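**Q** Here's a structure for you.
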2 protein chains.
Amino acid sequence: MSAISIPPLDRDAAVAARERIDQLTKPVGSLGQIEDLAERLAAIHGGLPPVYERRAILVGAGDHGIVDEGVSAYPGEVTPQMVGAFLGGFAAISAFARVARAEVFVADFGVGQPLPAHDRLIDVNVARRTRNFAREAAMTEVQFHAALDAGIRAFEFLRERVDPQIIGLGEMGIGNTTSAAAMICAFTGAQPEDVVGRGTGIDDDTFKRKLRVVSDASAALEGMEAKKIAAAVGGFEIVGLAGTILAAASARIPILLDGFIVSAAALLAQALSNESIGYCIAAHRSRESGHTVALRHLGLVPLLDLHMRLGEASGAALAMPICEAAARMVREMKTFAEAGVATANEPSHA
Amino acid sequence: MSAISIPPLDRDAAVAARERIDQLTKPVGSLGQIEDLAERLAAIHGGLPPVYERRAILVGAGDHGIVDEGVSAYPGEVTPQMVGAFLGGFAAISAFARVARAEVFVADFGVGQPLPAHDRLIDVNVARRTRNFAREAAMTEVQFHAALDAGIRAFEFLRERVDPQIIGLGEMGIGNTTSAAAMICAFTGAQPEDVVGRGTGIDDDTFKRKLRVVSDASAALEGMEAKKIAAAVGGFEIVGLAGTILAAASARIPILLDGFIVSAAALLAQALSNESIGYCIAAHRSRESGHTVALRHLGLVPLLDLHMRLGEASGAALAMPICEAAARMVREMKTFAEAGVATANEPSHA
């Protein structure tokens with residue numbers, strides 16, 4: 001953490017963008033959230049946003065000892081298999097990234113078995129998986145710092161490879177909704193009943209086990225500092241993605257947050273450096289109900305609400321064209337004066 | 001109308017698409033509305049949807065005699081000026097169409113003054129503007145049929161020029177929220193108070209005039225047949241776009257409906273041929289509250305809700321990449337079996 005310094009958002013650039021937006025050939029405010037987004041992007045970049053010619057998606061992957069408690073519908077070996085699908089180009093994020101014209105990278109923060117080398121696989125593995133947090137801390141303090149640093153290094157890898165002007169963050173890790181739920185409860189003070197969801201689609205018995213595991217863990221975390229919470233119940237990919245958020249914010253790159261699990265990473269980043277959230281954009285609202293709890297605590301309003309709950313950065317990819325639209329609006333539209341279009345009548349007149 | 005025949009949606013193709021979607025490497029249902037959209041697109045195309053390499057946006061433009069009642073914040077000459085901006089490439093829809101990789105065409109269904117010729121301007125002008133519907137019918141029955149036919153010809157123009165695999169429909173016409181509100185009241189039976197909105201951003205006095213004009217007109221329309229309603233209070237661009245909807249549906253092309261005014265065109269198309277709505281996709285929910293009334297009557301659930309209220313097909317353009325994502329999902333993702341990924345555990349097992 002200590003090495004990362006995050007600049008404040010550029011308020012002057014935001015004001016200048018808003019002034020221009022209000023003069024463009026459209027009724028004031030008529031592009032709603034697109035206008036707010038353009039203003040935010042200007043604040044992030046310190047000037048008019050680029051149209052995002054260079055885009056990257058980073059999927060953080062890791063495995064979770066908590067699966068030993070029987071909290072997931074899928075076996076742990078699915079994590080490395082899905083990483084293969086992401087890199088092979090036939091997963092949901094592969095398809096959606098083509099729509100977003102973004103390159104997909106995977107960071108191995110803590111996958112349960114060694115992965116075959118790949119051009120777009122970033123090997124920053126901290127350990128083969130976290131420990132079962134129902135029995136002991138998920139990771140040591142040393143591992144926590146290693147995971148955070150791994151996220152920073154993953155961002156450096158992206159910068160060297162594609163120098164992205166915008167990034168989308170997602171995750172893969174069987175068991176990670178349980179870890180994320182425990183983190184969200186601890187960071188927001190919300191009740192487990194309001195945060196624990198069905199994840200990949202678990203049955204009633206599995207749901208009860210998951211709820212109990214999260215309730216027991218969060219009760220023990222009350223009032224602890226951020227890194228203790230993350231080490232107690234976090235995942236390597238969740239802590240890693242928090243590191244990536246801090247690194248991207250310090251480089252003034254907008255960060256599209258995917259759903260539920262990435263919001264846990266954002267809460268950790270927020271606790272470590274509140275300024276980092278100014279660089280984050282909530283891509284969508286996940287159907288996982290605890291996501292709304294996290295978004296409220298982060299103070300973010302999502303762009304999309306398509307009842308998705310997949311992860312993998314699928315929502316982040318779908319929101320990238322919307323960021324491009326906001327940038328093109330402020331860059332490519334003319335003002336009433338520039339276009340020679342008549343403006344609205346005076347308010348007193350019909 | 002008589003010449004247009006609309007084939008039923010292909011239910012078998014929809015079922016086959018859903019079966020494939022349920023086997024793709026993701027939890028069943030986890031892509032929410034994207035899955036429903038892919039199923040619908042398969043029903044429209046009669047097979048897996050294409051990834052939409054050829055895309056067109058059609059903006060229908062027309063002027064309205066009702067502006068003489070003082071119902072708009074903008075003068076009527078803005079309509080031709082904005083058409084110039086669309087074709088010149090510096091309006092909101094120009095910027096958003098670049099994001100959607102769609103070509104923008106404008107159909108002059110009834111603009112108040114002659115427009116300079118342009119490669120992407122479709123001249124199907126019925127008359128220089130509608131009459132003031134507070135005093136007399138907006139158009140004659142002959143003009144109504146001419147406008148509907150103009151919409152069909154506009155679609156034929158698009159087919160010859162770009163042979164689009166998907167189209168987005170939008171509109172431009174100072175005064176047309178008043179016309180659309182009166183049509184929506186008449187087609188849905190809703191109260192004017194629930195349908196009349198602020199349009200481009202009118203003041204309280206203008207709003208009161210607009211509400212009175214719509215209330216008076218809709219009271220007189222109760223129980224009338226569709227073409228009488230449209231002739232009484234419609235606009236040339238609204239009737240024209242209804243013709244385009246019918247033509248595109250008969251060609252099995254998915255139609256992305258923009259916002260409030262286009263929903264009035266869709267209600268007319270629905271009244272003329274209920275099957276046509278199966279080919280329509282609601283791109284977004286407009287901030288204009290009457291749009292929700294219209295969407296309910298159409299039975300459509302919008303993809304986006306970004307508090308926009310601009311028109312011009314701006315929402316339709318933003319939703320095009322989402323249609324591409326749905327198509328790529330079902331075409332480019334592998335099934336669990338194809339990808340060699342382990343499936344969910346049996347329900348009885350942890």
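Identifiers in this document derive from the order of the structure tokens: chains are assigned A, B, ..., residues are numbered from 1 separately in each chain, and ligands are numbered from 1 in order of occurrence.
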So that I can check the surroundings of B:Leu272, please list as a list in words every protein, DNA and RNA residue that reaches within 12 Å of it, counting only C-alpha atoms and ignoring chain neighbours fewer than 6 positions away.
**A**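 Contacts, in chain order: Met1, Ser2, Ile4, Ser5, Ile6, Leu148, Phe187, Glu225, Ala226, Lys227, Lys228, Ile229, Ala230, Val239, Ala242, Gly243, Ile245, Leu246, Ala265 and Ala266 of chain B.
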**Q** Show me, as a list in words, the residues that have an atom within 12 Å of B:Gln191 when counting only C-alpha atoms, minus same-chain residues fewer than 5 positions from it.
**A**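 Near neighbours after the sequence-gap exclusion: Ala181, Ala182, Met183, Ile184, Cys185, Ala186, Val196, Leu211, Arg212, Val214, Ser215, Asp216, Ala217, Ser218, Ala219, Glu222, Ser289, Gly290, Val293 and Ala294 of chain B.
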**Q** Which residues are close to B:Val106, i.e. within 7 Å by only C-alpha atoms, leaving aside same-chain residues fewer than 2 positions away? Reply as a list in words.
**A**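 Non-adjacent residues within range: Leu58, Val59, Gly60, Val104, Asp108, Arg120, Leu121 and Ile122 of chain B.
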**Q** Once you have the residues from the selection above, write them out as a short mmCIF file (atom, residue, chain, number, x, y, z; two decimals), in the first residue's frame, restricted to C-alpha atoms.
**A**
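So again_0.cif came out as:
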```
data_model
loop_
_atom_site.label_atom_id
_atom_site.label_comp_id
_atom_site.auth_asym_id
_atom_site.auth_seq_id
_atom_site.Cartn_x
_atom_site.Cartn_y
_atom_site.Cartn_z
CA LEU B 58 -33.01 5.25 -39.20
CA VAL B 59 -34.09 8.60 -37.80
CA GLY B 60 -37.56 9.61 -38.96
CA VAL B 104 -27.12 6.69 -39.78
CA ASP B 108 -37.71 13.08 -44.24
CA ARG B 120 -28.01 9.20 -46.40
CA LEU B 121 -31.15 11.36 -46.52
CA ILE B 122 -34.21 9.45 -47.70
#
```
**Q** In stretch 272-327 of chain B, what's strand (DSSP E or B) per DSSP? Answer as a list in words?
**A**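 Taking stretch 272-327 of chain B and keeping strand (DSSP E or B) only, one gets Cys280, Ile281, Ala282, His284 and Leu304 of chain B.
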**Q** Of the candidates A:Gln33, A:Met224, A:Ile253, A:Val195, which one gets nearest to A:Leu295 if we count only C-alpha atoms?
**A**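 Among the listed residues, A:Val195 lies closest to A:Leu295.
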**Q** Out of B:Ala91, B:Ala220, B:Ala17, B:Ile261, which residue has the shortest atom-to-atom distance to chain A when counting only C-alpha atoms?
**A**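 For chain A, the nearest of the candidates is B:Ala91.
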**Q** Quick one: everything within 8 Å of B:Gly201, counting only C-alpha atoms, minus sequence neighbours fewer than 5 positions away in the same chain. Send it as a ChimeraX atom specification.
**A** /A:27-28 /B:73
**Q** Counting only C-alpha atoms, which of B:Ile166, B:Leu31, B:Ala249, B:Ala190 gets nearest to B:Val51?
**A** B:Ile166
